[in-house]
file query.pdb (PDB, C-alpha atoms, pLDDT in the B column)
MODEL        1
ATOM      1  CA  MET K  40      82.437-143.318 -58.019  1.00 91.00           C
ATOM      2  CA  LEU K  41      85.176-145.178 -59.900  1.00 94.00           C
ATOM      3  CA  GLU K  42      84.488-146.388 -63.447  1.00 95.00           C
ATOM      4  CA  LYS K  43      86.755-149.359 -64.101  1.00 94.00           C
ATOM      5  CA  GLY K  44      87.273-150.337 -67.733  1.00 92.00           C
ATOM      6  CA  PRO K  45      89.820-151.919 -70.072  1.00 92.00           C
ATOM      7  CA  ASP K  46      91.264-148.498 -70.877  1.00 91.00           C
ATOM      8  CA  GLY K  47      91.848-147.607 -67.233  1.00 92.00           C
ATOM      9  CA  ASN K  48      89.945-146.208 -64.277  1.00 93.00           C
ATOM     10  CA  GLN K  49      87.970-142.962 -64.327  1.00 93.00           C
ATOM     11  CA  PRO K  50      87.180-141.337 -60.955  1.00 92.00           C
ATOM     12  CA  ILE K  51      83.934-139.328 -60.966  1.00 89.00           C
ATOM     13  CA  ILE K  52      82.328-137.087 -58.372  1.00 86.00           C
ATOM     14  CA  VAL K  53      78.567-137.826 -58.207  1.00 83.00           C
ATOM     15  CA  GLY K  54      77.242-134.292 -57.924  1.00 82.00           C
ATOM     16  CA  ALA K  55      73.585-135.340 -58.109  1.00 81.00           C
ATOM     17  CA  VAL K  56      73.672-136.809 -54.588  1.00 81.00           C
ATOM     18  CA  HIS K  57      72.493-134.154 -52.131  1.00 82.00           C
ATOM     19  CA  GLU K  58      72.592-136.204 -48.940  1.00 86.00           C
ATOM     20  CA  CYS K  59      73.374-139.745 -47.798  1.00 84.00           C
ATOM     21  CA  LEU K  60      71.723-141.596 -44.928  1.00 87.00           C
ATOM     22  CA  ASN K  61      72.842-145.007 -43.711  1.00 81.00           C
ATOM     23  CA  ALA K  62      70.432-147.316 -41.888  1.00 83.00           C
ATOM     24  CA  LYS K  63      73.143-148.446 -39.465  1.00 80.00           C
ATOM     25  CA  LEU K  64      74.710-145.035 -38.889  1.00 81.00           C
ATOM     26  CA  ASP K  65      71.611-142.810 -39.042  1.00 87.00           C
ATOM     27  CA  SER K  66      68.788-145.244 -38.139  1.00 90.00           C
ATOM     28  CA  LEU K  67      65.819-146.445 -40.160  1.00 92.00           C
ATOM     29  CA  ALA K  68      63.624-143.946 -38.333  1.00 94.00           C
ATOM     30  CA  ALA K  69      65.599-141.077 -39.861  1.00 94.00           C
ATOM     31  CA  ILE K  70      65.274-142.601 -43.320  1.00 95.00           C
ATOM     32  CA  ILE K  71      61.506-143.048 -42.992  1.00 97.00           C
ATOM     33  CA  GLU K  72      61.134-139.424 -41.933  1.00 97.00           C
ATOM     34  CA  LYS K  73      63.270-138.385 -44.900  1.00 96.00           C
ATOM     35  CA  PHE K  74      60.788-140.182 -47.160  1.00 97.00           C
ATOM     36  CA  CYS K  75      58.063-138.068 -45.571  1.00 98.00           C
ATOM     37  CA  GLU K  76      59.551-134.735 -46.600  1.00 97.00           C
ATOM     38  CA  PRO K  77      57.079-132.994 -48.954  1.00 97.00           C
ATOM     39  CA  GLN K  78      59.627-132.519 -51.752  1.00 96.00           C
ATOM     40  CA  VAL K  79      60.423-136.232 -52.043  1.00 96.00           C
ATOM     41  CA  ALA K  80      58.786-137.401 -55.271  1.00 97.00           C
ATOM     42  CA  ILE K  81      60.529-140.713 -56.006  1.00 97.00           C
ATOM     43  CA  VAL K  82      61.834-143.479 -53.770  1.00 97.00           C
ATOM     44  CA  SER K  83      63.983-145.956 -55.686  1.00 96.00           C
ATOM     45  CA  LEU K  84      65.163-149.365 -54.522  1.00 94.00           C
ATOM     46  CA  THR K  85      68.064-151.647 -55.373  1.00 90.00           C
ATOM     47  CA  ILE K  86      67.726-154.376 -52.746  1.00 93.00           C
ATOM     48  CA  THR K  87      67.876-157.702 -54.681  1.00 92.00           C
ATOM     49  CA  GLU K  88      64.898-160.017 -55.122  1.00 94.00           C
ATOM     50  CA  LYS K  89      65.034-161.276 -51.528  1.00 95.00           C
ATOM     51  CA  GLY K  90      64.594-157.742 -50.233  1.00 96.00           C
ATOM     52  CA  TYR K  91      60.956-157.678 -51.359  1.00 98.00           C
ATOM     53  CA  CYS K  92      60.085-160.507 -48.934  1.00 98.00           C
ATOM     54  CA  LEU K  93      57.814-162.344 -51.352  1.00 98.00           C
ATOM     55  CA  ASP K  94      57.036-166.050 -51.366  1.00 97.00           C
ATOM     56  CA  PRO K  95      58.737-167.417 -54.537  1.00 94.00           C
ATOM     57  CA  ALA K  96      55.953-169.970 -54.994  1.00 94.00           C
ATOM     58  CA  THR K  97      53.082-167.466 -54.978  1.00 95.00           C
ATOM     59  CA  GLY K  98      54.620-164.052 -55.647  1.00 94.00           C
ATOM     60  CA  ARG K  99      52.747-162.758 -52.600  1.00 96.00           C
ATOM     61  CA  LEU K 100      54.071-161.297 -49.361  1.00 98.00           C
ATOM     62  CA  ASP K 101      55.794-163.956 -47.271  1.00 98.00           C
ATOM     63  CA  THR K 102      54.054-163.540 -43.928  1.00 97.00           C
ATOM     64  CA  GLN K 103      56.438-166.090 -42.378  1.00 97.00           C
ATOM     65  CA  ASN K 104      59.482-163.935 -43.125  1.00 98.00           C
ATOM     66  CA  ALA K 105      61.018-162.783 -39.829  1.00 98.00           C
ATOM     67  CA  ARG K 106      61.178-159.136 -40.891  1.00 97.00           C
ATOM     68  CA  ILE K 107      57.593-159.158 -42.114  1.00 98.00           C
ATOM     69  CA  VAL K 108      56.441-160.738 -38.852  1.00 98.00           C
ATOM     70  CA  HIS K 109      58.272-157.998 -36.951  1.00 98.00           C
ATOM     71  CA  ASP K 110      56.797-155.232 -39.119  1.00 98.00           C
ATOM     72  CA  LEU K 111      53.238-156.480 -38.755  1.00 98.00           C
ATOM     73  CA  GLU K 112      53.684-156.429 -34.982  1.00 98.00           C
ATOM     74  CA  ASN K 113      55.581-153.108 -34.985  1.00 98.00           C
ATOM     75  CA  PRO K 114      54.310-151.169 -38.032  1.00 98.00           C
ATOM     76  CA  SER K 115      55.771-147.830 -36.944  1.00 97.00           C
ATOM     77  CA  GLU K 116      59.267-149.325 -36.532  1.00 97.00           C
ATOM     78  CA  PRO K 117      59.672-151.479 -39.649  1.00 97.00           C
ATOM     79  CA  HIS K 118      62.758-153.428 -40.681  1.00 96.00           C
ATOM     80  CA  SER K 119      61.774-154.677 -44.157  1.00 97.00           C
ATOM     81  CA  ALA K 120      61.619-152.727 -47.405  1.00 97.00           C
ATOM     82  CA  PRO K 121      57.843-153.284 -47.805  1.00 98.00           C
ATOM     83  CA  GLY K 122      57.303-152.239 -44.196  1.00 98.00           C
ATOM     84  CA  ILE K 123      59.404-149.098 -44.566  1.00 97.00           C
ATOM     85  CA  LEU K 124      57.618-148.027 -47.750  1.00 98.00           C
ATOM     86  CA  VAL K 125      54.163-148.672 -46.302  1.00 99.00           C
ATOM     87  CA  GLU K 126      54.958-146.795 -43.098  1.00 99.00           C
ATOM     88  CA  ALA K 127      56.300-143.811 -45.061  1.00 98.00           C
ATOM     89  CA  LEU K 128      53.231-143.766 -47.314  1.00 99.00           C
ATOM     90  CA  HIS K 129      50.967-144.119 -44.269  1.00 99.00           C
ATOM     91  CA  ARG K 130      52.592-141.069 -42.661  1.00 99.00           C
ATOM     92  CA  ARG K 131      52.343-139.028 -45.853  1.00 99.00           C
ATOM     93  CA  ARG K 132      48.660-139.900 -46.133  1.00 99.00           C
ATOM     94  CA  GLU K 133      48.050-138.941 -42.505  1.00 98.00           C
ATOM     95  CA  ARG K 134      49.833-135.619 -43.059  1.00 98.00           C
ATOM     96  CA  GLY K 135      47.922-134.798 -46.227  1.00 98.00           C
ATOM     97  CA  LEU K 136      51.005-135.122 -48.446  1.00 98.00           C
ATOM     98  CA  GLN K 137      51.078-136.363 -52.019  1.00 97.00           C
ATOM     99  CA  PRO K 138      52.439-139.920 -52.311  1.00 98.00           C
ATOM    100  CA  PHE K 139      55.738-140.653 -54.007  1.00 98.00           C
ATOM    101  CA  THR K 140      56.531-142.964 -56.894  1.00 98.00           C
ATOM    102  CA  VAL K 141      58.166-146.280 -55.926  1.00 98.00           C
ATOM    103  CA  LEU K 142      60.858-147.128 -58.477  1.00 98.00           C
ATOM    104  CA  SER K 143      62.480-150.565 -58.370  1.00 96.00           C
ATOM    105  CA  CYS K 144      65.898-150.690 -60.035  1.00 93.00           C
ATOM    106  CA  ASP K 145      66.502-154.363 -59.303  1.00 92.00           C
ATOM    107  CA  ASN K 146      67.431-156.682 -62.134  1.00 88.00           C
ATOM    108  CA  ILE K 147      64.364-158.917 -61.854  1.00 91.00           C
ATOM    109  CA  PRO K 148      61.574-159.485 -64.393  1.00 91.00           C
ATOM    110  CA  ASP K 149      58.581-157.158 -64.135  1.00 94.00           C
ATOM    111  CA  ASN K 150      60.133-155.388 -61.154  1.00 95.00           C
ATOM    112  CA  GLY K 151      57.403-152.754 -60.987  1.00 97.00           C
ATOM    113  CA  HIS K 152      54.767-155.384 -60.280  1.00 97.00           C
ATOM    114  CA  VAL K 153      57.099-157.172 -57.865  1.00 97.00           C
ATOM    115  CA  VAL K 154      57.501-154.135 -55.628  1.00 98.00           C
ATOM    116  CA  LYS K 155      53.806-153.288 -55.988  1.00 98.00           C
ATOM    117  CA  ASN K 156      52.830-156.778 -54.805  1.00 98.00           C
ATOM    118  CA  ALA K 157      55.151-156.427 -51.822  1.00 98.00           C
ATOM    119  CA  VAL K 158      53.877-152.991 -50.820  1.00 99.00           C
ATOM    120  CA  LEU K 159      50.193-153.764 -51.315  1.00 99.00           C
ATOM    121  CA  GLY K 160      50.589-157.089 -49.520  1.00 98.00           C
ATOM    122  CA  MET K 161      52.054-155.357 -46.490  1.00 99.00           C
ATOM    123  CA  ALA K 162      49.518-152.521 -46.601  1.00 99.00           C
ATOM    124  CA  GLN K 163      46.601-154.950 -46.842  1.00 98.00           C
ATOM    125  CA  LYS K 164      47.776-156.685 -43.673  1.00 98.00           C
ATOM    126  CA  ARG K 165      47.932-153.320 -41.893  1.00 97.00           C
ATOM    127  CA  SER K 166      44.797-151.657 -43.222  1.00 97.00           C
ATOM    128  CA  PRO K 167      42.635-152.455 -46.270  1.00 98.00           C
ATOM    129  CA  GLU K 168      41.801-148.745 -46.471  1.00 98.00           C
ATOM    130  CA  LEU K 169      45.497-147.823 -46.637  1.00 99.00           C
ATOM    131  CA  ALA K 170      46.075-150.520 -49.252  1.00 99.00           C
ATOM    132  CA  ALA K 171      43.245-149.126 -51.396  1.00 99.00           C
ATOM    133  CA  TRP K 172      44.715-145.607 -51.139  1.00 99.00           C
ATOM    134  CA  ILE K 173      48.165-146.835 -52.187  1.00 99.00           C
ATOM    135  CA  ASP K 174      46.703-148.836 -55.066  1.00 99.00           C
ATOM    136  CA  ALA K 175      44.814-145.771 -56.314  1.00 98.00           C
ATOM    137  CA  HIS K 176      47.467-143.097 -55.819  1.00 98.00           C
ATOM    138  CA  VAL K 177      50.971-144.626 -55.926  1.00 99.00           C
ATOM    139  CA  SER K 178      52.721-145.679 -59.131  1.00 99.00           C
ATOM    140  CA  PHE K 179      55.279-148.476 -59.486  1.00 99.00           C
ATOM    141  CA  PRO K 180      57.032-148.036 -62.851  1.00 98.00           C
ATOM    142  CA  GLY K 181      58.945-150.921 -64.338  1.00 97.00           C
ATOM    143  CA  THR K 182      62.618-150.507 -65.178  1.00 96.00           C
ATOM    144  CA  MET K 183      65.403-152.317 -66.977  1.00 93.00           C
ATOM    145  CA  VAL K 184      68.843-151.523 -65.620  1.00 87.00           C
ATOM    146  CA  ASP K 185      72.152-152.708 -66.973  1.00 87.00           C
ATOM    147  CA  ARG K 186      75.444-151.848 -65.339  1.00 86.00           C
ATOM    148  CA  ILE K 187      77.791-154.040 -63.348  1.00 86.00           C
ATOM    149  CA  VAL K 188      78.188-152.507 -59.886  1.00 86.00           C
ATOM    150  CA  PRO K 189      79.930-154.877 -57.455  1.00 89.00           C
ATOM    151  CA  ALA K 190      79.166-154.605 -53.763  1.00 86.00           C
ATOM    152  CA  ALA K 191      81.475-152.208 -51.961  1.00 90.00           C
ATOM    153  CA  THR K 192      84.327-153.726 -49.953  1.00 92.00           C
ATOM    154  CA  GLU K 193      87.035-152.271 -47.748  1.00 94.00           C
ATOM    155  CA  ALA K 194      89.461-152.757 -50.626  1.00 94.00           C
ATOM    156  CA  SER K 195      87.230-151.010 -53.188  1.00 93.00           C
ATOM    157  CA  LEU K 196      86.555-148.092 -50.836  1.00 94.00           C
ATOM    158  CA  ALA K 197      90.288-147.708 -50.187  1.00 95.00           C
ATOM    159  CA  GLU K 198      90.955-147.734 -53.939  1.00 94.00           C
ATOM    160  CA  ILE K 199      88.355-145.017 -54.518  1.00 93.00           C
ATOM    161  CA  THR K 200      89.714-142.925 -51.659  1.00 94.00           C
ATOM    162  CA  GLN K 201      93.173-143.095 -53.205  1.00 92.00           C
ATOM    163  CA  ALA K 202      91.862-142.234 -56.687  1.00 91.00           C
ATOM    164  CA  LEU K 203      89.600-139.351 -55.604  1.00 89.00           C
ATOM    165  CA  GLY K 204      91.334-138.133 -52.496  1.00 89.00           C
ATOM    166  CA  VAL K 205      87.959-138.280 -50.719  1.00 84.00           C
ATOM    167  CA  ASP K 206      86.888-140.662 -47.962  1.00 89.00           C
ATOM    168  CA  ASP K 207      83.312-141.594 -48.912  1.00 88.00           C
ATOM    169  CA  PRO K 208      81.666-144.616 -47.219  1.00 86.00           C
ATOM    170  CA  CYS K 209      78.939-144.584 -49.910  1.00 84.00           C
ATOM    171  CA  ALA K 210      81.363-144.719 -52.864  1.00 90.00           C
ATOM    172  CA  ILE K 211      81.027-147.427 -55.513  1.00 91.00           C
ATOM    173  CA  SER K 212      82.976-148.985 -58.364  1.00 93.00           C
ATOM    174  CA  CYS K 213      81.302-149.802 -61.676  1.00 93.00           C
ATOM    175  CA  GLU K 214      81.874-150.622 -65.327  1.00 94.00           C
ATOM    176  CA  PRO K 215      81.757-147.885 -68.023  1.00 93.00           C
ATOM    177  CA  PHE K 216      78.714-149.384 -69.799  1.00 92.00           C
ATOM    178  CA  ILE K 217      75.307-148.154 -68.694  1.00 90.00           C
ATOM    179  CA  GLN K 218      71.716-148.504 -69.891  1.00 92.00           C
ATOM    180  CA  TRP K 219      68.548-147.490 -68.062  1.00 93.00           C
ATOM    181  CA  VAL K 220      65.053-148.000 -69.478  1.00 96.00           C
ATOM    182  CA  VAL K 221      62.155-146.661 -67.395  1.00 97.00           C
ATOM    183  CA  GLU K 222      58.371-146.880 -67.742  1.00 98.00           C
ATOM    184  CA  ASP K 223      57.107-143.296 -67.879  1.00 98.00           C
ATOM    185  CA  ASN K 224      54.560-143.540 -65.062  1.00 98.00           C
ATOM    186  CA  PHE K 225      55.256-141.116 -62.195  1.00 98.00           C
ATOM    187  CA  VAL K 226      52.568-139.757 -59.868  1.00 98.00           C
ATOM    188  CA  ALA K 227      54.544-136.786 -58.552  1.00 96.00           C
ATOM    189  CA  GLY K 228      56.596-135.741 -61.555  1.00 96.00           C
ATOM    190  CA  ARG K 229      60.151-136.669 -62.456  1.00 96.00           C
ATOM    191  CA  PRO K 230      63.402-135.114 -63.673  1.00 94.00           C
ATOM    192  CA  GLU K 231      64.058-134.932 -67.421  1.00 95.00           C
ATOM    193  CA  TRP K 232      66.151-138.069 -67.317  1.00 95.00           C
ATOM    194  CA  GLU K 233      65.915-138.570 -71.071  1.00 95.00           C
ATOM    195  CA  VAL K 234      68.160-135.519 -71.488  1.00 93.00           C
ATOM    196  CA  ALA K 235      70.916-137.629 -69.936  1.00 88.00           C
ATOM    197  CA  GLY K 236      70.235-140.674 -72.102  1.00 92.00           C
ATOM    198  CA  VAL K 237      67.643-142.562 -70.065  1.00 96.00           C
ATOM    199  CA  GLN K 238      65.122-144.287 -72.325  1.00 96.00           C
ATOM    200  CA  MET K 239      61.618-143.396 -71.130  1.00 97.00           C
ATOM    201  CA  VAL K 240      59.093-145.859 -72.585  1.00 97.00           C
ATOM    202  CA  GLN K 241      55.474-146.938 -72.176  1.00 96.00           C
ATOM    203  CA  ASP K 242      56.309-150.629 -71.687  1.00 94.00           C
ATOM    204  CA  VAL K 243      59.573-151.957 -70.261  1.00 93.00           C
ATOM    205  CA  LEU K 244      58.836-155.670 -70.688  1.00 86.00           C
ATOM    206  CA  PRO K 245      60.312-156.002 -74.221  1.00 85.00           C
ATOM    207  CA  TRP K 246      63.523-154.393 -73.007  1.00 80.00           C
ATOM    208  CA  GLY K 247      63.667-156.669 -69.998  1.00 63.00           C
ATOM    209  CA  ALA K 248      63.275-159.728 -72.202  1.00 56.00           C
ATOM    210  CA  ASP K 249      66.226-158.617 -74.330  1.00 55.00           C
ATOM    211  CA  GLU K 250      68.376-157.948 -71.287  1.00 54.00           C
ATOM    212  CA  THR K 251      67.535-161.268 -69.641  1.00 50.00           C
ATOM    213  CA  ALA K 252      68.674-163.078 -72.765  1.00 46.00           C
ATOM    214  CA  ASP K 253      72.156-161.598 -72.351  1.00 48.00           C
ATOM    215  CA  ALA K 254      74.692-162.659 -69.757  1.00 41.00           C
ATOM    216  CA  GLU K 255      73.589-162.048 -66.195  1.00 44.00           C
ATOM    217  CA  ARG K 256      74.537-158.577 -65.034  1.00 43.00           C
ATOM    218  CA  GLN K 257      74.341-157.069 -61.559  1.00 43.00           C
ATOM    219  CA  PRO K 258      71.813-154.274 -60.960  1.00 43.00           C
ATOM    220  CA  LEU K 259      72.511-150.593 -61.312  1.00 40.00           C
ATOM    221  CA  VAL K 260      72.699-148.743 -58.022  1.00 42.00           C
ATOM    222  CA  SER K 261      73.756-145.141 -57.649  1.00 42.00           C
ATOM    223  CA  GLY K 262      76.174-144.889 -60.570  1.00 42.00           C
ATOM    224  CA  LEU K 263      74.204-142.088 -62.207  1.00 40.00           C
ATOM    225  CA  PRO K 264      76.366-138.945 -61.880  1.00 43.00           C
ATOM    226  CA  TRP K 265      74.927-137.350 -64.988  1.00 40.00           C
ATOM    227  CA  LEU K 266      71.262-137.331 -64.052  1.00 43.00           C
ATOM    228  CA  PRO K 267      69.719-133.855 -63.989  1.00 46.00           C
ATOM    229  CA  GLY K 268      68.067-132.869 -60.752  1.00 43.00           C
ATOM    230  CA  GLY K 269      64.929-130.944 -59.905  1.00 43.00           C
ATOM    231  CA  LEU K 270      63.251-133.580 -57.735  1.00 44.00           C
ATOM    232  CA  ARG K 271      64.549-135.466 -54.749  1.00 46.00           C
ATOM    233  CA  ALA K 272      64.719-139.216 -55.118  1.00 47.00           C
ATOM    234  CA  TYR K 273      65.979-141.603 -52.444  1.00 48.00           C
TER     235      TYR K 273
ENDMDL
END

call {"tool": "encode", "arguments": {"input": "query.pdb", "output": "structure tokens"}}
result
Amino acid sequence: MLEKGPDGNQPIIVGAVHECLNAKLDSLAAIIEKFCEPQVAIVSLTITEKGYCLDPATGRLDTQNARIVHDLENPSEPHSAPGILVEALHRRRERGLQPFTVLSCDNIPDNGHVVKNAVLGMAQKRSPELAAWIDAHVSFPGTMVDRIVPAATEASLAEITQALGVDDPCAISCEPFIQWVVEDNFVAGRPEWEVAGVQMVQDVLPWGADETADAERQPLVSGLPWLPGGLRAY
């Protein structure tokens, strides 16, 4: 990771990342199976608002979306974020494993309910029984994230490689400022993120309102090198 600020650039090794999987290089099937490992307690998402495949007019799952259509016809080989999450939760349920927490880190209002609507909408189309199980046992905490993290480019990756001396296809650039506010609602435990400065709260909405009033900022992704471990989150 390369923090880029007015006082210069600060290269940082993100030691909290245990393993990286890429959908194009490693396949979505490998990622879904990774989500099914018993020790996985949190699955976080930073996929932009469009990634949830909701109808903007209704806030419900867009069943006309090409990826959603594919996933409903091929539930075990999903392409969409809702389809991937539902398939992973379905497999965990079938294997008698505890569900994970789904943590949206996208910079959209009430993001916990957004991802919940997407997941439950997909699950309901697959199996009302599965949807009821997810609704009863999976949590979808809200978050407010604030850090500018531009999308990686060939130029930014080359700059990071030169600064760190490491060729990392998952490397990112970001600004020095960071704030992360998280609703404390996790079904399978969580790391002690507050030790590293994360603000754990009962209600994120007031924080989100304050952040929305400021200039638009891009969502936080993986620029969290200081987070203590203890649980695996993907």

call {"tool": "residues_around", "arguments": {"input": "query.pdb", "residues": "Val221 (chain K)", "least_positions_apart": "5", "cutoff": "9 Å", "atoms": "all atoms listed in the file", "output": "PyMOL selection string"}}
result
chain K and resi 180-184+237-243

call {"tool": "residues_near_point", "arguments": {"input": "query.pdb", "point": "(51.1, -156.2, -38.7)", "cutoff": "10 Å", "atoms": "only C-alpha atoms", "output": "MDAnalysis selection string"}}
result
chainID K and resid 102 107:115 117 122 161:166

call {"tool": "closest_residue", "arguments": {"input": "query.pdb", "among": "K:Ile81, K:Cys213, K:Ala170, K:Val205", "to": "Val125 (chain K)", "atoms": "all atoms listed in the file"}}
result
K:Ala170

call {"tool": "closest_residue", "arguments": {"input": "query.pdb", "among": "K:Val141, K:Leu67, K:Ala191, K:Met40", "to": "Phe225 (chain K)", "atoms": "all atoms listed in the file"}}
result
K:Val141

call {"tool": "closest_residue", "arguments": {"input": "query.pdb", "among": "K:Ala235, K:Ala68, K:Leu93, K:Ala80", "to": "Asn156 (chain K)", "atoms": "all atoms listed in the file"}}
result
K:Leu93

call {"tool": "closest_residue", "arguments": {"input": "query.pdb", "among": "K:Ile70, K:Phe179, K:Gln49, K:Gly44", "to": "Ala202 (chain K)", "atoms": "all atoms listed in the file"}}
result
K:Gln49

call {"tool": "decode", "arguments": {"input": "query.pdb", "residues": "region 100-149 of chain K", "atoms": "C-alpha atoms", "output": "CSV table (one decimal), in the first residue's frame"}}
result
chain,number,residue,atom,x,y,z
K,100,LEU,CA,-33.3,-7.3,-6.3
K,101,ASP,CA,-33.3,-6.5,-10.0
K,102,THR,CA,-34.4,-9.8,-11.5
K,103,GLN,CA,-33.8,-8.4,-15.0
K,104,ASN,CA,-30.1,-7.9,-14.3
K,105,ALA,CA,-28.1,-10.2,-16.5
K,106,ARG,CA,-26.0,-11.5,-13.7
K,107,ILE,CA,-29.0,-12.1,-11.5
K,108,VAL,CA,-30.8,-14.0,-14.3
K,109,HIS,CA,-27.7,-16.1,-14.7
K,110,ASP,CA,-27.4,-16.8,-11.0
K,111,LEU,CA,-31.1,-17.8,-10.7
K,112,GLU,CA,-30.6,-20.3,-13.5
K,113,ASN,CA,-27.1,-21.5,-12.2
K,114,PRO,CA,-27.2,-21.0,-8.4
K,115,SER,CA,-24.1,-23.1,-7.8
K,116,GLU,CA,-22.0,-21.1,-10.2
K,117,PRO,CA,-23.0,-17.5,-9.5
K,118,HIS,CA,-21.5,-14.3,-11.0
K,119,SER,CA,-23.1,-11.6,-8.9
K,120,ALA,CA,-22.2,-10.5,-5.4
K,121,PRO,CA,-25.7,-11.5,-4.0
K,122,GLY,CA,-25.5,-14.8,-5.8
K,123,ILE,CA,-22.0,-15.5,-4.4
K,124,LEU,CA,-23.0,-14.7,-0.9
K,125,VAL,CA,-26.2,-16.7,-1.0
K,126,GLU,CA,-24.4,-19.7,-2.5
K,127,ALA,CA,-21.7,-19.5,0.2
K,128,LEU,CA,-24.3,-19.3,3.0
K,129,HIS,CA,-26.3,-22.1,1.5
K,130,ARG,CA,-23.2,-24.3,1.5
K,131,ARG,CA,-22.3,-23.4,5.1
K,132,ARG,CA,-25.9,-24.2,6.1
K,133,GLU,CA,-25.8,-27.6,4.4
K,134,ARG,CA,-22.4,-28.4,6.1
K,135,GLY,CA,-23.7,-27.4,9.5
K,136,LEU,CA,-21.3,-24.4,9.8
K,137,GLN,CA,-22.1,-21.2,11.5
K,138,PRO,CA,-22.9,-18.3,9.1
K,139,PHE,CA,-20.6,-15.3,8.7
K,140,THR,CA,-21.3,-11.6,9.1
K,141,VAL,CA,-21.8,-9.7,5.8
K,142,LEU,CA,-20.1,-6.3,6.1
K,143,SER,CA,-20.6,-3.7,3.4
K,144,CYS,CA,-17.9,-1.1,3.2
K,145,ASP,CA,-19.4,0.8,0.3
K,146,ASN,CA,-20.0,4.5,0.6
K,147,ILE,CA,-23.8,4.3,0.2
K,148,PRO,CA,-26.5,5.3,2.7
K,149,ASP,CA,-27.7,2.5,5.0
